[in-house]
Amino acid sequence: MKILVTGSAGFIGFHLTQRLLSQGEEVVGLDNLNDYYDVRLKTNRLKKLSGASLFRFVKTDLADKKGLEDLFQKERFDRVIHLAAQAGVRYSLENPHVYIESNLAGFLHILEGCRHTEVPHLAYASSSSVYGANTRMPFSIHDNVDHPVSLYGATKKANELMAHAYSHLYKIPTTGLRFFTVYGPWGRPDMALFLFTKAILKGEPIDVFNHGRMQRDFTYVDDIVEGIIRVTEKIPSPNPEWNGAKPDPGTSRAPYKVYNIGNNNPVELLKLIEVLEDCLGKKAERRLLPIQPGDVPATYADVDDLMRDVGFKPATPIEEGVQRFVAWYKEYYQVK
């Protein structure tokens, strides 16, 4: 198949593209290589991909309506996996406008491309952030998610609503993927594990929010990729039992579906730090701080639908995943 992967120079997009290429798929990668974090990390990911004969890279911004129209018309994709977005809960407090441009206007351009070229299946990245103020655990796709606590979360919920509208109006099969705290080699430098590793190795203090009582469903990147691959292969169909009098948020009369992809095993932040200290052989100096605006105390994924529909559940233990990340970090940054 010919597959468009947006955000192919990003953390998850890079790993996904590697996996698709190893399976013999033709991949067109799209990214704008913005400077939200170190561009060298993005270009080095691309260098690892550039040797593959079935990979082509297109540098384009999601806001480039004409550029995306031309790309869709020229390529005629069999699948679109849309991972490109402005990420980060805290950054959305500082620079809200970029989230509207990238995550809303950009997503509209992807939907329009799929519509006008009749793409058989669009899978797109949502986020555990859509659960917002929800406190019933584990988070289920069948629960309403109408109370976001960050603009980032609000844009991801909006993506799901936009996708549903297009699935309903134009019969485009769409699947939203709510990722839960992804980590692993080649990860994003703005995420906790990366920040902690860098600080500990330099002998600098780490900022531990909510006094370490945060719980996160840390999910290893290879498990995320496996989930994406399996879900992308399963084109959603309308749910004939869907009832407008008792609407199920996770399915629809349209060819629309949403899944959680999470480890189904929340870990306290202090536990993550202990595991990281063991892997580094070095203790952290902890600076305990209150919870940040936009953050939630805990995330925990219900993955029953993922298990039932595609037979997969993330299961990489945090000890194994952190060890792999540390090994990559030391090699990449040449730390002894």
# chains A, B, ... in the order shown; residues from 1 in each chain; ligands from 1
>>> closest_atom_pairs(of="range 109-218 of chain A", to="range 14-35 of chain A", cutoff="12 Å", atoms="only C-alpha atoms", output="CSV")
residue,atom,partner,partner_atom,distance
A:Ile110,CA,A:Leu30,CA,11.6
A:Val182,CA,A:His15,CA,11.8
A:Tyr183,CA,A:His15,CA,11.5
A:Gly184,CA,A:His15,CA,9.9
A:Pro185,CA,A:His15,CA,9.2
A:Trp186,CA,A:Phe14,CA,8.5
A:Gly187,CA,A:Phe14,CA,9.9
A:Arg188,CA,A:Phe14,CA,11.5
A:Pro189,CA,A:Asp35,CA,11.8
>>> select_by_dssp(residues="range 34-233 of chain A", states="alpha helix (DSSP H)", output="VMD selection string")
chain A and resid 39 to 50 65 to 75 91 to 94 96 to 99 106 to 116 151 to 170 192 to 202 221 to 233
>>> select_by_dssp(residues="range 245-328 of chain A", states="strand (DSSP E or B)", output="number ranges by chain")
A: 256-261, 267-268, 286-289, 298, 301
>>> write_last_selection(atoms="N, CA, C and O atoms", output="PDB file, in the first residue's frame")
ATOM      1  N   TYR A 256     -16.942   5.188  11.927  1.00  0.00           N
ATOM      2  CA  TYR A 256     -16.133   6.002  12.846  1.00  0.00           C
ATOM      3  C   TYR A 256     -15.849   5.180  14.094  1.00  0.00           C
ATOM      4  O   TYR A 256     -16.715   4.488  14.608  1.00  0.00           O
ATOM      5  N   LYS A 257     -14.601   5.284  14.594  1.00  0.00           N
ATOM      6  CA  LYS A 257     -14.244   4.562  15.819  1.00  0.00           C
ATOM      7  C   LYS A 257     -13.152   5.327  16.547  1.00  0.00           C
ATOM      8  O   LYS A 257     -12.380   6.081  15.945  1.00  0.00           O
ATOM      9  N   VAL A 258     -13.096   5.136  17.855  1.00  0.00           N
ATOM     10  CA  VAL A 258     -12.047   5.707  18.697  1.00  0.00           C
ATOM     11  C   VAL A 258     -11.495   4.585  19.572  1.00  0.00           C
ATOM     12  O   VAL A 258     -12.258   3.727  20.047  1.00  0.00           O
ATOM     13  N   TYR A 259     -10.177   4.574  19.767  1.00  0.00           N
ATOM     14  CA  TYR A 259      -9.531   3.597  20.643  1.00  0.00           C
ATOM     15  C   TYR A 259      -8.570   4.288  21.602  1.00  0.00           C
ATOM     16  O   TYR A 259      -7.926   5.284  21.239  1.00  0.00           O
ATOM     17  N   ASN A 260      -8.447   3.737  22.797  1.00  0.00           N
ATOM     18  CA  ASN A 260      -7.329   4.054  23.684  1.00  0.00           C
ATOM     19  C   ASN A 260      -6.158   3.145  23.333  1.00  0.00           C
ATOM     20  O   ASN A 260      -6.351   1.941  23.106  1.00  0.00           O
ATOM     21  N   ILE A 261      -4.955   3.707  23.305  1.00  0.00           N
ATOM     22  CA  ILE A 261      -3.750   2.868  23.257  1.00  0.00           C
ATOM     23  C   ILE A 261      -2.882   3.279  24.439  1.00  0.00           C
ATOM     24  O   ILE A 261      -2.195   4.306  24.417  1.00  0.00           O
ATOM     25  N   VAL A 267       1.462   4.275  36.525  1.00  0.00           N
ATOM     26  CA  VAL A 267       2.667   4.261  37.362  1.00  0.00           C
ATOM     27  C   VAL A 267       2.828   5.646  37.983  1.00  0.00           C
ATOM     28  O   VAL A 267       2.709   6.663  37.286  1.00  0.00           O
ATOM     29  N   GLU A 268       3.098   5.689  39.280  1.00  0.00           N
ATOM     30  CA  GLU A 268       3.318   6.970  39.942  1.00  0.00           C
ATOM     31  C   GLU A 268       4.637   7.572  39.476  1.00  0.00           C
ATOM     32  O   GLU A 268       5.616   6.862  39.230  1.00  0.00           O
ATOM     33  N   ARG A 286      15.500  16.088  43.783  1.00  0.00           N
ATOM     34  CA  ARG A 286      14.102  16.336  43.438  1.00  0.00           C
ATOM     35  C   ARG A 286      13.629  17.682  43.970  1.00  0.00           C
ATOM     36  O   ARG A 286      13.800  17.988  45.141  1.00  0.00           O
ATOM     37  N   ARG A 287      13.017  18.450  43.071  1.00  0.00           N
ATOM     38  CA  ARG A 287      12.420  19.724  43.451  1.00  0.00           C
ATOM     39  C   ARG A 287      10.906  19.546  43.371  1.00  0.00           C
ATOM     40  O   ARG A 287      10.325  19.569  42.283  1.00  0.00           O
ATOM     41  N   LEU A 288      10.267  19.323  44.528  1.00  0.00           N
ATOM     42  CA  LEU A 288       8.840  19.017  44.562  1.00  0.00           C
ATOM     43  C   LEU A 288       8.007  20.284  44.379  1.00  0.00           C
ATOM     44  O   LEU A 288       8.193  21.267  45.092  1.00  0.00           O
ATOM     45  N   LEU A 289       7.077  20.234  43.412  1.00  0.00           N
ATOM     46  CA  LEU A 289       6.294  21.407  43.034  1.00  0.00           C
ATOM     47  C   LEU A 289       4.817  21.052  42.954  1.00  0.00           C
ATOM     48  O   LEU A 289       4.449  19.883  42.799  1.00  0.00           O
ATOM     49  N   ALA A 298      -3.992  11.958  37.155  1.00  0.00           N
ATOM     50  CA  ALA A 298      -3.791  10.557  36.778  1.00  0.00           C
ATOM     51  C   ALA A 298      -4.374  10.264  35.401  1.00  0.00           C
ATOM     52  O   ALA A 298      -5.350  10.887  34.977  1.00  0.00           O
ATOM     53  N   ALA A 301      -5.705   3.879  30.995  1.00  0.00           N
ATOM     54  CA  ALA A 301      -6.443   3.515  29.788  1.00  0.00           C
ATOM     55  C   ALA A 301      -7.208   2.205  29.939  1.00  0.00           C
ATOM     56  O   ALA A 301      -6.644   1.187  30.334  1.00  0.00           O
TER      57      ALA A 301
END
>>> closest_residue(among="A:Glu319, A:Glu94, A:Glu112, A:Asp78", to="Lys65 in chain A", atoms="only C-alpha atoms")
A:Glu112
>>> residues_around(residues="range 310-316 of chain A", least_positions_apart="4", cutoff="9 Å", atoms="only C-alpha atoms", output="ChimeraX atom specification")
/A:219-220,222-224,226-227,230-231,234,261-265,303-306,320-321
>>> write_last_selection(atoms="all heavy atoms", output="short mmCIF file (atom, residue, chain, number, x, y, z; two decimals), in the first residue's frame")
data_model
loop_
_atom_site.label_atom_id
_atom_site.label_comp_id
_atom_site.auth_asym_id
_atom_site.auth_seq_id
_atom_site.Cartn_x
_atom_site.Cartn_y
_atom_site.Cartn_z
N THR A 219 3.39 4.41 28.18
CA THR A 219 3.23 3.42 27.12
C THR A 219 4.44 3.46 26.19
O THR A 219 4.76 4.50 25.61
CB THR A 219 1.94 3.68 26.32
OG1 THR A 219 0.84 3.87 27.23
CG2 THR A 219 1.63 2.52 25.39
N TYR A 220 5.10 2.31 26.04
CA TYR A 220 6.33 2.24 25.25
C TYR A 220 6.00 2.41 23.77
O TYR A 220 5.00 1.90 23.27
CB TYR A 220 7.03 0.91 25.50
CG TYR A 220 8.41 0.84 24.91
CD1 TYR A 220 9.43 1.67 25.38
CD2 TYR A 220 8.70 -0.05 23.88
CE1 TYR A 220 10.71 1.62 24.84
CE2 TYR A 220 9.97 -0.11 23.34
CZ TYR A 220 10.97 0.73 23.82
OH TYR A 220 12.23 0.68 23.27
N ASP A 222 7.03 1.21 20.96
CA ASP A 222 6.79 0.05 20.09
C ASP A 222 5.37 -0.49 20.25
O ASP A 222 4.78 -1.00 19.29
CB ASP A 222 7.80 -1.07 20.40
CG ASP A 222 9.20 -0.74 19.91
OD1 ASP A 222 9.39 0.33 19.29
OD2 ASP A 222 10.12 -1.55 20.16
N ASP A 223 4.83 -0.40 21.47
CA ASP A 223 3.44 -0.82 21.69
C ASP A 223 2.46 0.12 20.99
O ASP A 223 1.45 -0.31 20.44
CB ASP A 223 3.13 -0.86 23.19
CG ASP A 223 3.80 -2.02 23.90
OD1 ASP A 223 4.10 -3.03 23.24
OD2 ASP A 223 4.04 -1.92 25.11
N ILE A 224 2.77 1.40 21.02
CA ILE A 224 1.95 2.38 20.30
C ILE A 224 1.94 2.06 18.81
O ILE A 224 0.87 2.03 18.16
CB ILE A 224 2.47 3.81 20.54
CG1 ILE A 224 2.26 4.24 21.99
CG2 ILE A 224 1.84 4.80 19.57
CD1 ILE A 224 0.83 4.55 22.37
N GLU A 226 2.58 -0.80 17.29
CA GLU A 226 1.83 -2.03 17.03
C GLU A 226 0.33 -1.77 17.03
O GLU A 226 -0.40 -2.27 16.16
CB GLU A 226 2.18 -3.08 18.09
CG GLU A 226 1.46 -4.42 17.92
CD GLU A 226 1.90 -5.19 16.69
OE1 GLU A 226 3.04 -4.99 16.23
OE2 GLU A 226 1.09 -6.01 16.20
N GLY A 227 -0.13 -0.95 17.97
CA GLY A 227 -1.54 -0.60 18.02
C GLY A 227 -1.97 0.15 16.78
O GLY A 227 -3.04 -0.13 16.20
N ARG A 230 -2.18 -2.25 13.70
CA ARG A 230 -3.35 -3.15 13.74
C ARG A 230 -4.66 -2.40 13.50
O ARG A 230 -5.54 -2.89 12.78
CB ARG A 230 -3.40 -3.88 15.08
CG ARG A 230 -2.25 -4.84 15.29
CD ARG A 230 -2.58 -5.83 16.37
NE ARG A 230 -1.44 -6.66 16.71
CZ ARG A 230 -1.54 -7.84 17.30
NH1 ARG A 230 -2.73 -8.34 17.59
NH2 ARG A 230 -0.46 -8.53 17.61
N VAL A 231 -4.77 -1.23 14.08
CA VAL A 231 -6.01 -0.46 13.93
C VAL A 231 -6.14 0.06 12.49
O VAL A 231 -7.24 0.08 11.93
CB VAL A 231 -6.04 0.69 14.95
CG1 VAL A 231 -7.13 1.69 14.61
CG2 VAL A 231 -6.25 0.15 16.36
N LYS A 234 -7.71 -2.33 10.26
CA LYS A 234 -9.12 -2.63 10.51
C LYS A 234 -9.97 -1.40 10.20
O LYS A 234 -10.07 -0.48 11.00
CB LYS A 234 -9.33 -3.06 11.98
CG LYS A 234 -10.77 -3.47 12.28
CD LYS A 234 -10.92 -3.97 13.70
CE LYS A 234 -12.37 -4.34 14.01
NZ LYS A 234 -12.91 -5.36 13.10
N ILE A 261 -4.96 3.71 23.31
CA ILE A 261 -3.75 2.87 23.26
C ILE A 261 -2.88 3.28 24.44
O ILE A 261 -2.19 4.31 24.42
CB ILE A 261 -2.97 3.01 21.93
CG1 ILE A 261 -3.88 2.76 20.73
CG2 ILE A 261 -1.79 2.04 21.91
CD1 ILE A 261 -3.16 2.77 19.40
N GLY A 262 -2.96 2.50 25.49
CA GLY A 262 -2.22 2.77 26.72
C GLY A 262 -1.82 1.48 27.39
O GLY A 262 -2.33 0.40 27.07
N ASN A 263 -0.91 1.56 28.34
CA ASN A 263 -0.33 0.37 28.96
C ASN A 263 -1.28 -0.30 29.94
O ASN A 263 -1.00 -1.39 30.42
CB ASN A 263 0.97 0.73 29.67
CG ASN A 263 1.99 -0.39 29.60
OD1 ASN A 263 2.20 -0.96 28.53
ND2 ASN A 263 2.62 -0.71 30.72
N ASN A 264 -2.42 0.37 30.27
CA ASN A 264 -3.42 -0.20 31.16
C ASN A 264 -2.81 -0.53 32.54
O ASN A 264 -3.18 -1.48 33.19
CB ASN A 264 -4.01 -1.47 30.51
CG ASN A 264 -5.22 -2.02 31.23
OD1 ASN A 264 -5.27 -3.20 31.55
ND2 ASN A 264 -6.20 -1.19 31.48
N ASN A 265 -1.82 0.31 32.93
CA ASN A 265 -1.12 0.07 34.21
C ASN A 265 -0.48 1.38 34.67
O ASN A 265 0.71 1.59 34.46
CB ASN A 265 -0.05 -1.00 34.02
CG ASN A 265 0.70 -1.30 35.30
OD1 ASN A 265 0.13 -1.21 36.39
ND2 ASN A 265 1.98 -1.64 35.17
N VAL A 303 -8.45 -0.56 27.72
CA VAL A 303 -8.12 -0.99 26.35
C VAL A 303 -8.93 -2.21 25.92
O VAL A 303 -8.55 -2.96 25.03
CB VAL A 303 -6.60 -1.30 26.22
CG1 VAL A 303 -5.79 -0.01 26.34
CG2 VAL A 303 -6.14 -2.33 27.25
N ASP A 304 -10.10 -2.40 26.55
CA ASP A 304 -10.93 -3.56 26.21
C ASP A 304 -11.34 -3.58 24.75
O ASP A 304 -11.34 -4.63 24.10
CB ASP A 304 -12.19 -3.59 27.09
CG ASP A 304 -11.89 -4.00 28.53
OD1 ASP A 304 -10.74 -4.39 28.81
OD2 ASP A 304 -12.81 -3.89 29.38
N ASP A 305 -11.70 -2.41 24.20
CA ASP A 305 -12.11 -2.36 22.79
C ASP A 305 -10.95 -2.69 21.86
O ASP A 305 -11.14 -3.38 20.85
CB ASP A 305 -12.69 -0.98 22.46
CG ASP A 305 -14.09 -0.79 23.02
OD1 ASP A 305 -14.24 -0.73 24.25
OD2 ASP A 305 -15.03 -0.73 22.21
N LEU A 306 -9.78 -2.20 22.18
CA LEU A 306 -8.59 -2.50 21.38
C LEU A 306 -8.33 -4.01 21.38
O LEU A 306 -8.07 -4.61 20.33
CB LEU A 306 -7.38 -1.74 21.95
CG LEU A 306 -6.09 -1.79 21.14
CD1 LEU A 306 -6.23 -0.98 19.85
CD2 LEU A 306 -4.92 -1.24 21.97
N GLU A 320 11.71 -2.18 31.60
CA GLU A 320 12.31 -2.52 30.31
C GLU A 320 12.34 -1.32 29.37
O GLU A 320 13.36 -1.05 28.71
CB GLU A 320 11.50 -3.66 29.68
CG GLU A 320 12.06 -4.21 28.39
CD GLU A 320 11.21 -5.35 27.84
OE1 GLU A 320 10.64 -6.11 28.67
OE2 GLU A 320 11.09 -5.47 26.61
N GLY A 321 11.24 -0.61 29.31
CA GLY A 321 11.17 0.54 28.41
C GLY A 321 12.14 1.65 28.78
O GLY A 321 12.79 2.23 27.90
#
>>> closest_residue(among="A:Cys279, A:Met191, A:Leu68, A:Val296", to="Ala327 in chain A", atoms="only C-alpha atoms")
A:Cys279
>>> residues_around(residues="Asn243 in chain A", least_positions_apart="3", cutoff="9 Å", atoms="only C-alpha atoms", output="PyMOL selection string")
chain A and resi 240+246-248+252-253
>>> residues_around(residues="Ala199 in chain A", least_positions_apart="6", cutoff="9 Å", atoms="only C-alpha atoms", output="VMD selection string")
chain A and resid 205 to 206 284
>>> residues_around(residues="Met162 in chain A", least_positions_apart="2", cutoff="9 Å", atoms="only C-alpha atoms", output="ChimeraX atom specification")
/A:104,107-108,111,157-160,164-167
>>> write_last_selection(atoms="N, CA and C atoms", output="compact mmCIF listing (two decimals), in the first residue's frame")
# COMPACT_ATOMS: atom_id res chain seq x y z
N LEU A 104 -6.30 22.29 14.29
CA LEU A 104 -7.65 22.42 13.76
C LEU A 104 -7.66 22.69 12.26
N PHE A 107 -5.81 19.86 10.49
CA PHE A 107 -6.59 18.62 10.43
C PHE A 107 -7.71 18.72 9.39
N LEU A 108 -8.29 19.91 9.26
CA LEU A 108 -9.31 20.10 8.23
C LEU A 108 -8.73 19.83 6.84
N LEU A 111 -8.56 16.12 6.35
CA LEU A 111 -9.89 15.58 6.09
C LEU A 111 -10.35 15.88 4.67
N LYS A 157 -10.01 16.75 21.15
CA LYS A 157 -11.44 16.41 21.16
C LYS A 157 -12.10 16.97 19.89
N ALA A 158 -11.73 18.18 19.50
CA ALA A 158 -12.28 18.78 18.28
C ALA A 158 -11.94 17.92 17.06
N ASN A 159 -10.74 17.37 17.02
CA ASN A 159 -10.36 16.49 15.90
C ASN A 159 -11.31 15.30 15.81
N GLU A 160 -11.65 14.72 16.96
CA GLU A 160 -12.56 13.58 16.95
C GLU A 160 -13.94 13.99 16.43
N HIS A 164 -15.73 12.73 12.98
CA HIS A 164 -17.06 12.13 12.97
C HIS A 164 -17.96 12.81 11.94
N ALA A 165 -17.89 14.12 11.87
CA ALA A 165 -18.71 14.85 10.89
C ALA A 165 -18.39 14.39 9.46
N TYR A 166 -17.11 14.22 9.16
CA TYR A 166 -16.71 13.79 7.80
C TYR A 166 -17.09 12.33 7.56
N SER A 167 -16.98 11.49 8.60
CA SER A 167 -17.41 10.10 8.45
C SER A 167 -18.91 10.04 8.17
>>> closest_residue(among="A:Asn134, A:Ser50, A:Thr175, A:Thr232", to="Pro297 in chain A", atoms="only C-alpha atoms")
A:Asn134
>>> atom_distance(atom1="CA of Leu276 in chain A", atom2="CA of Leu41 in chain A")
21.8 Å
>>> closest_residue(among="A:Thr197, A:Gln292, A:Ser150, A:Gly250", to="Ile273 in chain A", atoms="only C-alpha atoms")
A:Thr197
>>> atom_distance(atom1="CA of Arg79 in chain A", atom2="CA of Tyr37 in chain A")
28.1 Å
>>> atom_distance(atom1="CA of Ile235 in chain A", atom2="CA of His109 in chain A")
21.1 Å
>>> closest_residue(among="A:Leu71, A:Leu280, A:His168, A:Arg56", to="Gln323 in chain A", atoms="only C-alpha atoms")
A:Leu280
>>> closest_residue(among="A:Ile100, A:Ala123, A:Val89, A:Ile172", to="Tyr152 in chain A", atoms="only C-alpha atoms")
A:Val89
